[in-house]
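Pasting entry36.cif here (mmCIF, C-alpha atoms):
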data_start
#
loop_
_atom_site.group_PDB
_atom_site.id
_atom_site.type_symbol
_atom_site.label_atom_id
_atom_site.label_comp_id
_atom_site.auth_asym_id
_atom_site.auth_seq_id
_atom_site.Cartn_x
_atom_site.Cartn_y
_atom_site.Cartn_z
ATOM 1 C CA MET A 1 168.330 61.391 -235.096
ATOM 2 C CA ARG A 2 170.246 62.934 -232.225
ATOM 3 C CA PRO A 3 169.983 61.066 -228.909
ATOM 4 C CA GLU A 4 168.534 64.178 -227.231
ATOM 5 C CA THR A 5 165.736 64.374 -229.779
ATOM 6 C CA ARG A 6 164.996 60.677 -229.443
ATOM 7 C CA ASP A 7 164.831 60.984 -225.651
ATOM 8 C CA ARG A 8 162.424 63.940 -225.900
ATOM 9 C CA VAL A 9 160.144 62.091 -228.325
ATOM 10 C CA LEU A 10 160.098 58.958 -226.163
ATOM 11 C CA ALA A 11 159.387 61.038 -223.031
ATOM 12 C CA ALA A 12 156.488 62.808 -224.761
ATOM 13 C CA ALA A 13 155.057 59.493 -225.968
ATOM 14 C CA ARG A 14 155.290 58.094 -222.452
ATOM 15 C CA ASP A 15 153.720 61.218 -220.878
ATOM 16 C CA LEU A 16 150.851 61.156 -223.366
ATOM 17 C CA ASP A 17 150.382 57.383 -222.973
ATOM 18 C CA TYR A 18 150.844 57.053 -226.733
ATOM 19 C CA GLN A 19 149.636 53.767 -228.214
ATOM 20 C CA PRO A 20 150.678 52.966 -231.793
ATOM 21 C CA ASN A 21 147.851 52.704 -234.289
ATOM 22 C CA VAL A 22 147.728 49.096 -235.485
ATOM 23 C CA SER A 23 146.368 50.030 -238.916
ATOM 24 C CA ALA A 24 149.149 52.553 -239.444
ATOM 25 C CA ARG A 25 151.753 49.987 -238.363
ATOM 26 C CA ARG A 26 150.383 47.539 -240.926
ATOM 27 C CA LEU A 27 150.624 50.077 -243.719
ATOM 28 C CA ALA A 28 154.109 51.246 -242.788
ATOM 29 C CA SER A 29 155.615 47.808 -242.275
ATOM 30 C CA LYS A 30 153.587 45.873 -244.868
ATOM 31 C CA ARG A 31 152.802 43.306 -242.153
ATOM 32 C CA SER A 32 149.377 42.356 -240.851
ATOM 33 C CA PHE A 33 150.233 41.835 -237.146
ATOM 34 C CA VAL A 34 147.572 39.120 -237.118
ATOM 35 C CA ILE A 35 148.127 35.540 -236.005
ATOM 36 C CA GLY A 36 145.587 32.833 -236.779
ATOM 37 C CA LEU A 37 144.615 30.177 -234.279
ATOM 38 C CA LEU A 38 142.942 27.187 -235.901
ATOM 39 C CA TYR A 39 141.644 24.432 -233.685
ATOM 40 C CA ASP A 40 139.811 21.150 -234.083
ATOM 41 C CA ASN A 41 139.142 20.269 -230.461
ATOM 42 C CA PRO A 42 135.588 21.196 -229.411
ATOM 43 C CA ASP A 43 136.343 20.761 -225.689
ATOM 44 C CA SER A 44 135.580 24.201 -224.220
ATOM 45 C CA ASP A 45 138.212 23.915 -221.448
ATOM 46 C CA TYR A 46 140.901 23.167 -224.021
ATOM 47 C CA VAL A 47 139.796 25.977 -226.314
ATOM 48 C CA MET A 48 139.638 28.542 -223.494
ATOM 49 C CA ALA A 49 143.089 27.614 -222.163
ATOM 50 C CA ILE A 50 144.676 27.859 -225.604
ATOM 51 C CA GLN A 51 142.902 31.120 -226.425
ATOM 52 C CA GLU A 52 143.861 32.779 -223.146
ATOM 53 C CA GLY A 53 147.535 31.905 -223.534
ATOM 54 C CA ALA A 54 147.681 32.874 -227.192
ATOM 55 C CA LEU A 55 145.826 36.131 -226.577
ATOM 56 C CA GLU A 56 148.134 37.106 -223.719
ATOM 57 C CA VAL A 57 151.247 36.611 -225.833
ATOM 58 C CA CYS A 58 149.763 38.343 -228.880
ATOM 59 C CA ARG A 59 148.699 41.397 -226.864
ATOM 60 C CA ALA A 60 152.110 41.668 -225.219
ATOM 61 C CA ARG A 61 153.757 41.759 -228.644
ATOM 62 C CA GLY A 62 151.260 44.020 -230.441
ATOM 63 C CA TYR A 63 149.504 41.348 -232.496
ATOM 64 C CA HIS A 64 145.836 40.517 -232.993
ATOM 65 C CA LEU A 65 144.556 36.965 -232.705
ATOM 66 C CA LEU A 66 142.132 35.550 -235.252
ATOM 67 C CA ILE A 67 140.397 32.446 -233.932
ATOM 68 C CA HIS A 68 138.794 29.924 -236.250
ATOM 69 C CA PRO A 69 137.410 26.499 -235.364
ATOM 70 C CA CYS A 70 137.833 23.955 -238.137
ATOM 71 C CA ARG A 71 137.620 20.251 -238.840
ATOM 72 C CA THR A 72 141.000 18.949 -239.898
ATOM 73 C CA LEU A 73 139.448 15.942 -241.621
ATOM 74 C CA SER A 74 137.058 18.047 -243.663
ATOM 75 C CA PRO A 75 137.596 17.779 -247.423
ATOM 76 C CA SER A 76 137.022 21.548 -247.654
ATOM 77 C CA LEU A 77 139.545 22.497 -244.946
ATOM 78 C CA ILE A 78 141.669 24.642 -247.274
ATOM 79 C CA GLU A 79 138.624 26.567 -248.486
ATOM 80 C CA GLU A 80 137.414 27.082 -244.911
ATOM 81 C CA VAL A 81 140.730 28.492 -243.820
#

Step by step, read the file and then write its structure as structure tokens.
Amino acid sequence: MRPETRDRVLAAARDLDYQPNVSARRLASKRSFVIGLLYDNPDSDYVMAIQEGALEVCRARGYHLLIHPCRTLSPSLIEEV
């Protein structure tokens, strides 16, 4: 692509406040753009702090965060996850 064309496309995307469609990105790149957060600490302060930090980083990089509490000592941990 010529640099002029690229600049025009990027300017139009910026002017239109274009946001990439996550589903389309997944199909095109064959990646899910999902990160899983598994935790075993029921302390709500701990969970909230971890979630807030993880969510902030995921959003900044175009990922979704899947949060799942689990018990690491559970015999069915693999099935739960």

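For the residues A:Arg6, A:Thr72, A:Gln19, A:Tyr63, ranking by smallest atom-to-atom distance to Arg31 (chain A) using only C-alpha atoms places A:Tyr63 first.
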
I need the residue set behind the PyMOL selection byres ((chain A and resi 41) around 12) for this file; please write it as number ranges by chain.
-> A: 37-40, 42-50, 68-73

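Taking CA of Ser32 (chain A) and CA of Gly53 (chain A) as the two end points, the separation is 20.3 Å.
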
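In this model, the gap between CA of Glu56 (chain A) and CA of Glu79 (chain A) comes to 28.5 Å.
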
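Nearest-residue note for Gly62 (chain A): choosing from A:Asp15, A:Met1, A:Ile35, A:Leu10, the minimum distance belongs to A:Ile35, counting all atoms listed in the file.
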
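Closest approach to Phe33 (chain A) among A:Arg2, A:Cys58, A:Ile78, A:Leu16: A:Cys58, based on all atoms listed in the file.
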
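Minimum atom-to-atom distances from A:Lys30, A:Ala54, A:Val9, A:Gly36 to Ile67 (chain A) were compared using all atoms listed in the file, and the lowest value belongs to A:Gly36.
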
Taking all atoms listed in the file into account, which of A:Val81, A:Ala12, A:Leu65, A:Val57 comes nearest Val34 (chain A)?
-> A:Leu65

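Atom to atom, CA of Asp17 (chain A) and CA of Thr5 (chain A) stand 18.2 Å apart.
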
Can you spit out region 10-24 of chain A with all heavy atoms, as a CSV table (one decimal), in the first residue's frame, from the structure just given?
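Dumped to out.csv:
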chain,number,residue,atom,x,y,z
A,10,LEU,N,-5.9,5.8,7.7
A,10,LEU,CA,-5.7,6.1,9.1
A,10,LEU,C,-6.4,7.4,9.6
A,10,LEU,O,-7.1,7.4,10.7
A,10,LEU,CB,-4.3,6.1,9.5
A,10,LEU,CG,-3.5,4.7,9.4
A,10,LEU,CD1,-2.0,4.9,9.7
A,10,LEU,CD2,-4.2,3.7,10.4
A,11,ALA,N,-6.4,8.4,8.8
A,11,ALA,CA,-7.0,9.7,9.1
A,11,ALA,C,-8.6,9.5,9.1
A,11,ALA,O,-9.2,10.0,10.0
A,11,ALA,CB,-6.7,10.7,8.1
A,12,ALA,N,-9.1,8.7,8.2
A,12,ALA,CA,-10.5,8.5,8.1
A,12,ALA,C,-11.0,7.7,9.4
A,12,ALA,O,-12.0,8.0,10.0
A,12,ALA,CB,-10.9,7.7,6.8
A,13,ALA,N,-10.2,6.7,9.7
A,13,ALA,CA,-10.5,5.8,10.9
A,13,ALA,C,-10.5,6.7,12.1
A,13,ALA,O,-11.4,6.6,13.0
A,13,ALA,CB,-9.5,4.7,11.0
A,14,ARG,N,-9.5,7.6,12.2
A,14,ARG,CA,-9.4,8.5,13.4
A,14,ARG,C,-10.6,9.4,13.4
A,14,ARG,O,-11.3,9.6,14.5
A,14,ARG,CB,-8.1,9.2,13.4
A,14,ARG,CG,-7.8,10.0,14.6
A,14,ARG,CD,-6.3,10.6,14.6
A,14,ARG,NE,-5.9,11.1,13.3
A,14,ARG,CZ,-5.1,10.5,12.4
A,14,ARG,NH1,-4.5,9.4,12.7
A,14,ARG,NH2,-4.8,11.1,11.3
A,15,ASP,N,-11.0,10.0,12.3
A,15,ASP,CA,-12.1,11.0,12.2
A,15,ASP,C,-13.4,10.3,12.5
A,15,ASP,O,-14.3,11.0,13.1
A,15,ASP,CB,-12.2,11.6,10.8
A,15,ASP,CG,-11.0,12.5,10.5
A,15,ASP,OD1,-10.2,12.9,11.5
A,15,ASP,OD2,-10.8,12.9,9.3
A,16,LEU,N,-13.6,9.1,12.1
A,16,LEU,CA,-14.8,8.4,12.4
A,16,LEU,C,-14.8,7.7,13.7
A,16,LEU,O,-15.8,7.0,14.1
A,16,LEU,CB,-15.1,7.4,11.3
A,16,LEU,CG,-15.3,7.9,9.9
A,16,LEU,CD1,-15.2,6.8,8.8
A,16,LEU,CD2,-16.6,8.7,9.8
A,17,ASP,N,-13.8,7.8,14.5
A,17,ASP,CA,-13.6,7.1,15.8
A,17,ASP,C,-13.8,5.6,15.6
A,17,ASP,O,-14.6,5.0,16.4
A,17,ASP,CB,-14.6,7.7,16.8
A,17,ASP,CG,-14.2,7.2,18.2
A,17,ASP,OD1,-13.0,7.0,18.5
A,17,ASP,OD2,-15.2,7.1,19.0
A,18,TYR,N,-13.2,5.1,14.6
A,18,TYR,CA,-13.3,3.6,14.3
A,18,TYR,C,-12.8,2.8,15.4
A,18,TYR,O,-11.7,3.0,15.9
A,18,TYR,CB,-12.6,3.3,13.0
A,18,TYR,CG,-12.5,1.8,12.7
A,18,TYR,CD1,-13.6,1.1,12.3
A,18,TYR,CD2,-11.3,1.2,12.9
A,18,TYR,CE1,-13.5,-0.2,12.0
A,18,TYR,CE2,-11.2,-0.2,12.7
A,18,TYR,CZ,-12.3,-0.9,12.2
A,18,TYR,OH,-12.2,-2.2,12.0
A,19,GLN,N,-13.5,1.8,15.8
A,19,GLN,CA,-13.1,0.8,16.8
A,19,GLN,C,-13.2,-0.6,16.1
A,19,GLN,O,-14.3,-1.0,15.6
A,19,GLN,CB,-14.1,0.8,18.0
A,19,GLN,CG,-14.1,2.2,18.7
A,19,GLN,CD,-12.8,2.5,19.3
A,19,GLN,OE1,-12.1,1.7,19.9
A,19,GLN,NE2,-12.4,3.8,19.1
A,20,PRO,N,-12.1,-1.3,16.1
A,20,PRO,CA,-12.1,-2.6,15.5
A,20,PRO,C,-13.1,-3.6,16.1
A,20,PRO,O,-13.4,-3.5,17.3
A,20,PRO,CB,-10.7,-3.2,15.7
A,20,PRO,CG,-9.9,-2.0,16.0
A,20,PRO,CD,-10.8,-1.0,16.7
A,21,ASN,N,-13.8,-4.4,15.3
A,21,ASN,CA,-14.7,-5.3,15.8
A,21,ASN,C,-14.0,-6.5,16.3
A,21,ASN,O,-13.2,-7.2,15.6
A,21,ASN,CB,-15.7,-5.8,14.7
A,21,ASN,CG,-16.7,-6.7,15.1
A,21,ASN,OD1,-16.4,-7.9,15.5
A,21,ASN,ND2,-17.9,-6.3,15.1
A,22,VAL,N,-14.2,-6.8,17.6
A,22,VAL,CA,-13.4,-7.9,18.3
A,22,VAL,C,-13.7,-9.3,17.6
A,22,VAL,O,-12.8,-10.1,17.4
A,22,VAL,CB,-13.7,-8.0,19.8
A,22,VAL,CG1,-13.0,-9.2,20.4
A,22,VAL,CG2,-13.3,-6.7,20.4
A,23,SER,N,-14.9,-9.5,17.3
A,23,SER,CA,-15.3,-10.8,16.6
A,23,SER,C,-14.6,-10.9,15.3
A,23,SER,O,-14.1,-12.0,14.9
A,23,SER,CB,-16.8,-10.9,16.4
A,23,SER,OG,-17.4,-10.9,17.7
A,24,ALA,N,-14.5,-9.9,14.5
A,24,ALA,CA,-13.9,-9.9,13.2
A,24,ALA,C,-12.4,-10.1,13.4
A,24,ALA,O,-11.7,-10.8,12.6
A,24,ALA,CB,-14.1,-8.6,12.4
